[in-house]
Structures are given as C-alpha cells and as structure tokens.
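Have a look at the structure below before the remarks.
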Amino acid sequence: MGLVWMVVAALLASWVFNALVYLVWRPRAITRQLRAQGVGGPGYRFFAGNLAEIKRLRADTAGAALDVGNHDFVPMVQPHFHKWIPIHGRTFLYWCGARPSLCVADVNTVKQVLSDRSGLYPKNIGNPHIARLLGKGLVLTDGDDWKRHRKVVHPAFNMDKLKMMTVTMSDCAGSMMSEWKAKMDKGGSVEIDLSHQFEELTADVISHTAFGSSYEQGKKVFLAQRELQFLAFSTVFNVQIPAFKYLPTEKNLKIWKLDKEVRTMLMNIIKSCLATKDTMGYGSDLLGLMLEACAAEGGHNPILSMDEIIDECKTFFLAGHDTSSHLLTWTMFLLSTHPEWQQKLREEVLRECGSEVPTGDMLNKLQLVNMFLLETLRLYAPVSLIQRKAGSDLEVGGIKVLEGTVLTIPIAMIHHDKEVWGEDANEFKPIRFENGVMRAGKHPNALLSFSNGPRSCIGQNFAMIEAKAVIIVILQRFSFSLSPKYVHAPMDVITLRPKFGLPMILKSLEM
C-alpha cells in the first residue's frame with residue numbers, strides 16, 4: 001500500500017512541477033527572451049495571461065455606438081489591440097492563457113508570414129470549437145493534406161464555372177427582390193432589415209450553387225451552423241484547457257448535438273448526390289464538381305475520405321454564406337450613406353447591363369462597382385483577424401520566436417492604419433482603388449480581406465461575383481436610404497456584422 005502512495009505522490013509532484021514550468025517559468029523565460037530583442041507587451045498574468053483584460057476592455061465597449069459616418073470601429077471590436085499597439089508598437093507579445101501570441105501588425109512582416117510557401121507558418125487551431133465549426137477542410141489543413149484538399153476543391157472554383165453560376169445568383173436575388181416589392185405600400189416603399197435578408201439570400205445562393213437540387217436540405221445546415229458559430233465564439237476568450245473539450249458540460253453537449261446534426265445532414269446530401277451519379281452525373285454544383293474531381297483522381301481509393309468531404313462542405317458552408325452576407329450588408333450600408341455613389345453605381349449598372357440579368361462578362365466591365373466593393377472590404381472586412389503559428393523556432397520580422405508561438409494578424413487594425421493607407425484611412429474613398437489593389441495603399445499587400453499569398457481564400461472570386469450580381473439586381477430595381485432606426489454598432493462574432501441589423505427603406509424604381 002505504501003508503494004502505491006509513493007507512486008501517487010511522485011505522479012502528483014511531477015504534475016505540479018510541469019504545471020509550474022508551463023504556467024510560471026516558461027512565460028517568464030519567453031517574456032525575457034523577447035524583451036531582450038526589444039519586443040514589449042502588456043505582461044503575463046498567472047494562468048489567464050491577458051484574457052481577463054481583453055474581456056474587460058470588450059465589456060467596456062459592449063454598449064457603444066458610432067455615428068453613421070464614423071468607420072473607425074476598431075476600439076469596439078479589437079479594443080485590446082487599439083490600446084496596446086500605441087504603447088508597445090506594431091509587434092508585441094501578449095498571452096492567451098499560458099500560450100504566447102505575437103501581434104503582427106507590421107505589413108512587411110505580415111507579407112513574410114502569408115507569402116511563405118515552405119510551411120513555416122501553419123494554421124493555428126487553438127480553439128477546438130472553432131475547428132469543429134469550420135471543419136478540418138482547406139482552411140485549417142497544412143502541408144501535404146492541404147495540397148491534397150486543394151487538388152480536389154480547386155476545380156469547383158474555376159473562374160469559368162463560377163461565371164456560369166452568375167445567373168443562379170441573380171435568380172436567387174431576383175426572387176427575394178420580388179418578395180420585397182410585394183411588401184411595398186401604395187407609395188412604393190418598404191422598410192426591411194437587410195442584414196437578416198442577406199443571410200437568407202446567401203444561404204439560398206450557396207445552397208443552390210453547392211447542392212443543386214438538395215438546396216432545401218442545405219438551408220437547414222445553415223441554421224445549425226449559425227447556432228454553432230455563436231456558441232464557438234463565446235469560448236474564444238476563455239482559457240483553453242485541452243481536457244475540457246471532452247467534458248459533458250451544458251455548452252459542450254449543445255455543440256456536440258449541433259455538430260452531429262450538421263454532419264448527418266451533409267452525409268445525407270452527399271449520399272443523394274452519389275446515388276444519382278450514374279444516371280444524372282455529379283451535377284455542376286460545387287459538391288458535384290468536388291466529388292467528380294475526387295473520383296477522377298482517386299478511383300477506388302478516393303483522394304478525400306467521406307469525413308474530409310464533409311469537412312470541406314462545412315468550410316464552404318460557413319465561408320460561402322456568412323462572409324458573403326456581411327459583405328453585402330456593409331456594401332448596402334455604405335451605398336445608403338453615400339447617395340452620390342449609389343447614383344454613380346446605378347448609372348454604371350444601367351449603362352453596362354440595362355435591365356437584363358447580369359452575365360459574367362457584364363460583371364467584368366463594372367469598374368466603379370468593383371472599386372466600391374474593395375473599399376467596403378477594406379473598411380469592413382468580414383474577418384477581423386487571422387492567425388498562424390510558428391511551426392518551429394524561427395525569425396519573424398527579425399524577431400526570434402519559439403515553436404508554437406501564435407502569430408495574430410489584426411486585419412481590422414491594418415485596414416485602418418494611417419501609416420499604411422494615409423491620413424484618410426478611416427474615410428470612405430473607393431477612388432483609392434482606381435489603379436487597382438496593389439496601388440491603393442502605401443504597401444502593395446495591404447488589403448487582407450481574403451488574406452494573401454498561397455493560402456489566400458480560394459472562394460474570393462465566388463464572393464466577389466455573388467456580391468456584384470446581387471448589388472446589380474438591387475440597383476436596377478430600387479433606390480434606398482438608411483432607416484432612422486439603424487444603430488451603427490459593428491460587432492465581431494468570428495465575422496463582422498451590425499449588432500442591431502440593417503433596417504433600410506427601399507423605394508421601387510419600376511413603374
């Protein structure tokens with residue numbers, strides 16, 4: 001019996017020692033190492049790191065609202081970066097629990113990280129709930145797995161195939177516009193929350209373009225994933241203890257249940273597609289194209305497993321729906337608050353498209369629309385930050401960091417940085433993109449809405465085509481202005497959205 005207690009005591013002592021090393025000695029050693037290189041930061045706090053301060057700063061701004069002409073929402077969405085960057089510089093150390101994170105807000109260093117092709121900076125999967133939401137698809141895989149996934153997914157995003165989807169996108173938008181018109185009063189106007197409407201519209205678009213005849217089933221996936229998204233984000237600023245993800249807490253049970261529902265629905269959609277492939281082919285939707293590429297490459301040993309295909313579906317579900325809906329929402333917000341630009345874009349649309357359903361070739365001619373969307377993506381990028389990690393001990397921007405250090409790129413801060421975009425960085429000026437993205441700022445790689453480099457968003461062309469198609473249909477049929485009920489309070493729930501929706505007054509242009 002005495003031997004058993006000795007073993008238990010030894011194990012307990014080992015656990016305490018390792019905990020002290022991880023929670024006390026290691027953070028102090030890393031802090032000293034970086035300070036010796038001139039890298040500061042807010043300082044480590046036992047166990048929680050800087051998470052408590054981040055939560056407090058976010059709570060302090062939770063009830064804030066801006067004037068509709070004020071686009072500097074960074075103090076509300078990223079108050080910790082807004083506070084720390086002026087004090088510690090564009091590159092500094094902060095702590096998410098006991099895990100070191102390097103804020104990388106210097107554009108040249110960002111380019112070094114994002115342009116790497118050797119795998120030095122893999123994706124950071126620190127939060128298991130975010131990983132469950134997105135799926136281990138193209139967005140979160142690295143190395144050979146990423147190359148294998150990309151080989152299968154890439155054909156589905158071929159530009160010619162995407163242009164063929166323009167009509168489907170326009171038809172989905174047209175159906176929703178008809179519903180808007182049916183709600184109008186005798187004066188030909190109606191007030192509608194466009195934020196909610198665009199969530200439905202982009203769900204409809206991705207369901208049609210991704211799942212074809214199974215789009216009704218696809219829309220059910222969105223409802224479950226949206227709930228998963230809010231649950232996952234509620235854990236972002238908590239200390240991540242690996243074992244806790246296995247505990248049957250109320251939140252974990254809810255997440256497991258929703259994830260199981262999503263996987264079951266996606267499995268049924270995939271099986272339906274496979275069941276009809278011999279008689280009807282795989283179809284021209286994104287899922288069909290992906291399955292066809294998988295079959296062509298893999299034969300009896302498919303290049304992606306069923307679980308991996310499900311993860312890819314989860315990825316383009318969220319990315320293809322959520323980010324697109326918010327791009328449309330912020331575009332309409334800016335069009336409504338800049339009526340002169342609304343008129344300019346309408347004139348360009350009527351000149352190039354008339355009242356016809358837009359085609360892919362028409363979209364290429366809309367220079368003002370493209371500039372407007374790019375400025376919207378700069379001011380209100382759907383994703384406020386991205387993360388990588390150091391895959392080994394290496395140098396980042398001349399700073400030596402240890403393997404596993406998280407590299408946080410605060411997109412919103414960079415997009416509003418006056419040293420990058422000029423003194424008018426917080427002003428709405430689409431004309432800055434007149435000569436293209438590379439010349440819009442003081443650095444050619446400053447626009448990070450779709451990331452940059454070899455791991456940039458594979459769906460960016462899909463998102464831009466969809467946004468143009470929808471905006472064209474709206475401009476052809478309606479004029480619009482911001483409702484007095486609107487409260488300008490951007491909030492971040494993985495993606496940037498208006499906290500209280502986007503109530504808009506629409507007037508029909510059709511007699």
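Ordering of the structure tokens sets the chain letters (A, B, ...); residue numbers start at 1 within each chain; ligands are numbered from 1 in the order shown.
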
Per residue of stretch 203-230 of chain A within 8 Å of stretch 168-185 of chain A, which atom pair is closest and at what distance in Å (one decimal), using only C-alpha atoms, listed by chain and increasing number, as a tab-separated table?
```
residue	atom	partner	partner_atom	distance
A:Asp204	CA	A:Cys172	CA	6.8
A:Val205	CA	A:Met169	CA	5.7
A:His208	CA	A:Thr168	CA	7.5
A:Thr209	CA	A:Thr168	CA	7.4
```

At a cut-off of 12 Å, can you tabulate as CSV every residue of stretch 299-400 of chain A near stretch 147-155 of chain A together with its closest atom pair and the distance in Å to one decimal, using only C-alpha atoms and ordering rows by chain then number?
```
residue,atom,partner,partner_atom,distance
A:Pro302,CA,A:Val152,CA,10.2
A:Ile303,CA,A:Arg148,CA,7.1
A:Leu304,CA,A:His149,CA,7.2
A:Ser305,CA,A:His149,CA,10.3
A:Glu308,CA,A:His149,CA,8.4
A:Ile309,CA,A:His149,CA,9.0
A:Ile310,CA,A:His149,CA,11.9
A:Asp311,CA,A:His149,CA,10.4
A:Glu312,CA,A:Val153,CA,8.2
A:Cys313,CA,A:Val153,CA,10.2
A:Thr315,CA,A:Val153,CA,11.1
A:Phe316,CA,A:Val153,CA,10.1
```

Take the residues just selected and output them with N, CA and C atoms as a PDB file, in the first residue's frame.
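Just written: selection_28.pdb:
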```
ATOM      1  N   PRO A 302     -10.462   6.929 -53.111  1.00  0.00           N
ATOM      2  CA  PRO A 302     -10.701   8.367 -53.276  1.00  0.00           C
ATOM      3  C   PRO A 302      -9.661   9.208 -52.549  1.00  0.00           C
ATOM      4  N   ILE A 303      -9.315  10.322 -53.198  1.00  0.00           N
ATOM      5  CA  ILE A 303      -8.276  11.191 -52.671  1.00  0.00           C
ATOM      6  C   ILE A 303      -8.691  11.840 -51.356  1.00  0.00           C
ATOM      7  N   LEU A 304     -10.013  12.027 -51.155  1.00  0.00           N
ATOM      8  CA  LEU A 304     -10.541  12.518 -49.884  1.00  0.00           C
ATOM      9  C   LEU A 304     -11.514  11.489 -49.314  1.00  0.00           C
ATOM     10  N   SER A 305     -11.460  11.282 -48.014  1.00  0.00           N
ATOM     11  CA  SER A 305     -12.410  10.384 -47.361  1.00  0.00           C
ATOM     12  C   SER A 305     -13.759  11.078 -47.232  1.00  0.00           C
ATOM     13  N   GLU A 308     -13.591  13.841 -44.763  1.00  0.00           N
ATOM     14  CA  GLU A 308     -12.903  15.025 -45.280  1.00  0.00           C
ATOM     15  C   GLU A 308     -13.799  15.818 -46.227  1.00  0.00           C
ATOM     16  N   ILE A 309     -14.615  15.133 -47.009  1.00  0.00           N
ATOM     17  CA  ILE A 309     -15.560  15.829 -47.896  1.00  0.00           C
ATOM     18  C   ILE A 309     -16.592  16.582 -47.055  1.00  0.00           C
ATOM     19  N   ILE A 310     -17.048  15.954 -45.974  1.00  0.00           N
ATOM     20  CA  ILE A 310     -17.985  16.620 -45.072  1.00  0.00           C
ATOM     21  C   ILE A 310     -17.345  17.880 -44.483  1.00  0.00           C
ATOM     22  N   ASP A 311     -16.071  17.773 -44.086  1.00  0.00           N
ATOM     23  CA  ASP A 311     -15.377  18.942 -43.543  1.00  0.00           C
ATOM     24  C   ASP A 311     -15.256  20.056 -44.581  1.00  0.00           C
ATOM     25  N   GLU A 312     -15.008  19.696 -45.843  1.00  0.00           N
ATOM     26  CA  GLU A 312     -14.960  20.721 -46.892  1.00  0.00           C
ATOM     27  C   GLU A 312     -16.324  21.387 -47.060  1.00  0.00           C
ATOM     28  N   CYS A 313     -17.382  20.604 -46.978  1.00  0.00           N
ATOM     29  CA  CYS A 313     -18.734  21.171 -47.077  1.00  0.00           C
ATOM     30  C   CYS A 313     -18.979  22.154 -45.940  1.00  0.00           C
ATOM     31  N   THR A 315     -16.768  23.857 -44.387  1.00  0.00           N
ATOM     32  CA  THR A 315     -15.934  25.034 -44.625  1.00  0.00           C
ATOM     33  C   THR A 315     -16.591  25.988 -45.604  1.00  0.00           C
ATOM     34  N   PHE A 316     -17.013  25.483 -46.785  1.00  0.00           N
ATOM     35  CA  PHE A 316     -17.575  26.451 -47.728  1.00  0.00           C
ATOM     36  C   PHE A 316     -19.011  26.813 -47.410  1.00  0.00           C
TER      37      PHE A 316
END
```

*asked:* Show me, as a ChimeraX atom specification, the residues that have an atom within 6 Å of stretch 114-130 of chain A when counting only C-alpha atoms, minus same-chain residues fewer than 3 positions from it.
replied: /A:111,133,140,232,387-391,452-453

*Secondary structure check, strand (DSSP E or B) residues of stretch 82-298 of chain A, as a list in words*: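 DSSP on the backbone gives strand (DSSP E or B) at Thr91, Phe92, Leu93, Tyr94, Trp95, Cys96, Arg99, Pro100, Ser101, Leu102, Cys103, Val104, Lys123, Ser189, Val190, Glu191, Ile192 and Asp193 of chain A.
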
Can you write just those residues out, all heavy atoms, as a short mmCIF file (atom, residue, chain, number, x, y, z; two decimals), in the first residue's frame?
```cif
data_model
loop_
_atom_site.label_atom_id
_atom_site.label_comp_id
_atom_site.auth_asym_id
_atom_site.auth_seq_id
_atom_site.Cartn_x
_atom_site.Cartn_y
_atom_site.Cartn_z
N THR A 91 4.44 45.22 -33.30
CA THR A 91 4.75 43.82 -32.99
C THR A 91 5.01 43.72 -31.49
O THR A 91 5.94 44.36 -30.98
CB THR A 91 5.99 43.33 -33.77
OG1 THR A 91 5.75 43.51 -35.18
CG2 THR A 91 6.26 41.87 -33.49
N PHE A 92 4.17 42.95 -30.80
CA PHE A 92 4.33 42.83 -29.35
C PHE A 92 3.81 41.48 -28.89
O PHE A 92 3.08 40.78 -29.62
CB PHE A 92 3.61 43.97 -28.62
CG PHE A 92 2.12 43.98 -28.80
CD1 PHE A 92 1.28 43.24 -27.98
CD2 PHE A 92 1.54 44.75 -29.80
CE1 PHE A 92 -0.09 43.25 -28.15
CE2 PHE A 92 0.16 44.77 -29.98
CZ PHE A 92 -0.65 44.02 -29.16
N LEU A 93 4.18 41.12 -27.66
CA LEU A 93 3.80 39.84 -27.08
C LEU A 93 2.61 40.01 -26.15
O LEU A 93 2.60 40.92 -25.30
CB LEU A 93 4.99 39.27 -26.28
CG LEU A 93 4.75 37.98 -25.50
CD1 LEU A 93 4.53 36.80 -26.44
CD2 LEU A 93 5.93 37.71 -24.56
N TYR A 94 1.61 39.15 -26.32
CA TYR A 94 0.52 39.07 -25.34
C TYR A 94 0.20 37.61 -25.12
O TYR A 94 0.71 36.73 -25.81
CB TYR A 94 -0.69 39.89 -25.78
CG TYR A 94 -1.47 39.33 -26.95
CD1 TYR A 94 -2.70 38.70 -26.76
CD2 TYR A 94 -1.00 39.44 -28.26
CE1 TYR A 94 -3.43 38.19 -27.83
CE2 TYR A 94 -1.71 38.94 -29.33
CZ TYR A 94 -2.93 38.32 -29.11
OH TYR A 94 -3.64 37.82 -30.17
N TRP A 95 -0.65 37.32 -24.14
CA TRP A 95 -0.84 35.94 -23.71
C TRP A 95 -2.32 35.55 -23.69
O TRP A 95 -3.15 36.23 -23.09
CB TRP A 95 -0.26 35.74 -22.31
CG TRP A 95 1.22 35.94 -22.27
CD1 TRP A 95 1.89 37.13 -22.15
CD2 TRP A 95 2.21 34.93 -22.40
NE1 TRP A 95 3.24 36.93 -22.20
CE2 TRP A 95 3.47 35.57 -22.33
CE3 TRP A 95 2.17 33.53 -22.54
CZ2 TRP A 95 4.67 34.88 -22.42
CZ3 TRP A 95 3.37 32.84 -22.62
CH2 TRP A 95 4.60 33.51 -22.56
N CYS A 96 -2.63 34.45 -24.36
CA CYS A 96 -3.95 33.84 -24.29
C CYS A 96 -3.81 32.62 -23.38
O CYS A 96 -3.40 31.55 -23.81
CB CYS A 96 -4.45 33.42 -25.67
SG CYS A 96 -4.74 34.81 -26.76
N ARG A 99 -0.33 30.59 -23.34
CA ARG A 99 0.20 30.44 -24.69
C ARG A 99 0.63 31.78 -25.25
O ARG A 99 -0.19 32.72 -25.31
CB ARG A 99 -0.84 29.80 -25.60
CG ARG A 99 -0.25 29.35 -26.93
CD ARG A 99 -1.23 28.57 -27.77
NE ARG A 99 -0.56 28.02 -28.94
CZ ARG A 99 -1.19 27.47 -29.97
NH1 ARG A 99 -2.50 27.37 -29.95
NH2 ARG A 99 -0.52 27.00 -30.99
N PRO A 100 1.89 31.92 -25.67
CA PRO A 100 2.36 33.21 -26.19
C PRO A 100 1.77 33.53 -27.56
O PRO A 100 1.68 32.67 -28.43
CB PRO A 100 3.88 33.01 -26.27
CG PRO A 100 4.07 31.54 -26.47
CD PRO A 100 2.94 30.89 -25.69
N SER A 101 1.37 34.78 -27.72
CA SER A 101 0.85 35.25 -29.00
C SER A 101 1.59 36.52 -29.40
O SER A 101 1.76 37.43 -28.58
CB SER A 101 -0.65 35.55 -28.91
OG SER A 101 -1.38 34.38 -28.62
N LEU A 102 2.04 36.57 -30.63
CA LEU A 102 2.74 37.74 -31.14
C LEU A 102 1.79 38.49 -32.06
O LEU A 102 1.36 37.96 -33.08
CB LEU A 102 4.00 37.31 -31.89
CG LEU A 102 5.07 38.38 -32.13
CD1 LEU A 102 5.73 38.77 -30.80
CD2 LEU A 102 6.12 37.88 -33.10
N CYS A 103 1.44 39.71 -31.67
CA CYS A 103 0.64 40.55 -32.56
C CYS A 103 1.54 41.03 -33.70
O CYS A 103 2.61 41.59 -33.45
CB CYS A 103 0.07 41.75 -31.80
SG CYS A 103 -0.77 42.94 -32.88
N VAL A 104 1.12 40.78 -34.93
CA VAL A 104 1.90 41.15 -36.10
C VAL A 104 1.07 42.13 -36.94
O VAL A 104 0.25 41.74 -37.75
CB VAL A 104 2.28 39.91 -36.96
CG1 VAL A 104 3.12 40.33 -38.15
CG2 VAL A 104 3.01 38.88 -36.11
N LYS A 123 -1.48 26.89 -39.96
CA LYS A 123 -2.67 27.47 -39.36
C LYS A 123 -2.70 27.17 -37.87
O LYS A 123 -2.27 26.11 -37.42
CB LYS A 123 -3.93 26.93 -40.03
CG LYS A 123 -4.12 27.36 -41.48
CD LYS A 123 -4.28 28.86 -41.59
CE LYS A 123 -4.54 29.31 -43.02
NZ LYS A 123 -5.92 29.14 -43.45
N SER A 189 -42.83 52.06 -51.23
CA SER A 189 -41.68 51.95 -50.34
C SER A 189 -41.96 50.94 -49.24
O SER A 189 -43.11 50.61 -48.93
CB SER A 189 -41.32 53.31 -49.73
OG SER A 189 -42.37 53.76 -48.89
N VAL A 190 -40.88 50.45 -48.63
CA VAL A 190 -40.99 49.48 -47.54
C VAL A 190 -39.71 49.52 -46.71
O VAL A 190 -38.64 49.84 -47.23
CB VAL A 190 -41.22 48.05 -48.10
CG1 VAL A 190 -40.02 47.56 -48.89
CG2 VAL A 190 -41.55 47.06 -46.98
N GLU A 191 -39.83 49.24 -45.42
CA GLU A 191 -38.64 49.16 -44.55
C GLU A 191 -38.36 47.69 -44.27
O GLU A 191 -39.23 46.95 -43.81
CB GLU A 191 -38.86 49.92 -43.24
CG GLU A 191 -37.63 49.88 -42.35
CD GLU A 191 -37.78 50.74 -41.11
OE1 GLU A 191 -38.22 51.91 -41.24
OE2 GLU A 191 -37.47 50.25 -40.00
N ILE A 192 -37.12 47.27 -44.51
CA ILE A 192 -36.73 45.86 -44.37
C ILE A 192 -35.37 45.78 -43.70
O ILE A 192 -34.48 46.60 -43.97
CB ILE A 192 -36.67 45.17 -45.76
CG1 ILE A 192 -38.07 45.08 -46.37
CG2 ILE A 192 -36.09 43.76 -45.65
CD1 ILE A 192 -38.08 44.51 -47.78
N ASP A 193 -35.19 44.80 -42.83
CA ASP A 193 -33.87 44.53 -42.23
C ASP A 193 -33.05 43.73 -43.23
O ASP A 193 -33.23 42.52 -43.37
CB ASP A 193 -34.02 43.77 -40.91
CG ASP A 193 -32.67 43.44 -40.27
OD1 ASP A 193 -31.64 43.89 -40.81
OD2 ASP A 193 -32.65 42.73 -39.26
#
```

_Residue nearest A:Val473 among A:Asn370, A:Ser355, A:Ser384, A:Asn50 (counting only C-alpha atoms)_ =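 Counting only C-alpha atoms, the residue closest to A:Val473 is A:Ser355.
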
Cut-off 8 Å: closest stretch 253-339 of chain A/stretch 454-464 of chain A atom pairs per residue, using only C-alpha atoms, as a Markdown table:
```
| residue | atom | partner | partner_atom | distance |
| --- | --- | --- | --- | --- |
| A:Ala319 | CA | A:Gly459 | CA | 7.9 |
| A:Gly320 | CA | A:Ala463 | CA | 7.1 |
| A:Ser324 | CA | A:Ala463 | CA | 5.9 |
```

Dump N, CA, C and O atoms for the selected residues as a PDB file, in the first residue's frame?
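What landed in out-v6.pdb:
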```
ATOM      1  N   ALA A 319     -17.937  29.789 -44.876  1.00  0.00           N
ATOM      2  CA  ALA A 319     -17.222  30.833 -45.598  1.00  0.00           C
ATOM      3  C   ALA A 319     -18.058  31.386 -46.748  1.00  0.00           C
ATOM      4  O   ALA A 319     -18.058  32.594 -47.008  1.00  0.00           O
ATOM      5  N   GLY A 320     -18.789  30.515 -47.441  1.00  0.00           N
ATOM      6  CA  GLY A 320     -19.555  30.946 -48.605  1.00  0.00           C
ATOM      7  C   GLY A 320     -20.856  31.629 -48.271  1.00  0.00           C
ATOM      8  O   GLY A 320     -21.456  32.299 -49.115  1.00  0.00           O
ATOM      9  N   SER A 324     -20.124  36.284 -47.072  1.00  0.00           N
ATOM     10  CA  SER A 324     -20.778  36.943 -48.213  1.00  0.00           C
ATOM     11  C   SER A 324     -21.959  37.794 -47.762  1.00  0.00           C
ATOM     12  O   SER A 324     -22.183  38.893 -48.281  1.00  0.00           O
TER      13      SER A 324
END
```

*Could you check which of A:Pro382, A:Gly38, A:Gly441, A:Gly143 is closest to A:Arg497, using only C-alpha atoms?*
A:Pro382

_With distances taken over only C-alpha atoms, which residue among A:Val396, A:Val262, A:Ala98, A:Val437 lies nearest A:Arg132?_
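Between A:Val396, A:Val262, A:Ala98, A:Val437, the residue approaching A:Arg132 most closely is A:Val262.
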
*Compare A:Val349, A:Leu385, A:Ala19, A:Val369 by their minimum atom-to-atom distance to A:Ile465, counting only C-alpha atoms, and give me the closest one.*
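Answer, going by the shortest atom-to-atom distance: A:Val369.
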
*Do you know which residues are at most 12 Å from stretch 58-70 of chain A counting only C-alpha atoms, after dropping those on the same chain fewer than 2 positions away, and could you put them as a PyMOL selection string?*
chain A and resi 51-56+72-83+237+330+333-338+379-380+416+424-428+482-492+498-500+502

*Taking into account only C-alpha atoms, which residue in the set A:Ala440, A:Leu231, A:Leu194, A:Cys353 is nearest to A:Ser325?*
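Of all the options, A:Leu194 lies closest to A:Ser325.
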
*Using the chain letters and numbers from this document, which residues of stretch 325-511 of chain A does DSSP assign to alpha helix (DSSP H), as a VMD selection string?*
chain A and resid 325 to 337 339 to 352 360 to 364 367 to 379 411 to 415 418 to 421 460 to 477

*So which one's closest to A:Gln240, A:Gly49, A:Gly404, A:Gly212, A:Gly137? Using only C-alpha atoms, please.*
A:Gly49

*Please identify all polymer residues within 10 Å of A:Leu368, counting only C-alpha atoms, omitting same-chain residues fewer than 5 positions from it, and present them as an NGL selection string.*
:A and (341 or 344-349 or 373-374 or 430-431 or 433-434)

*Point-to-point distance in Å for atom CA of A:Val139 and atom CA of A:Asp307*: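 Those two atoms sit 15.1 Å apart.
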
*Using atom CA of A:Asn364 and atom CA of A:Thr495 as the two end points, give the distance in Å to one decimal.*
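A separation of 27.4 Å between them.
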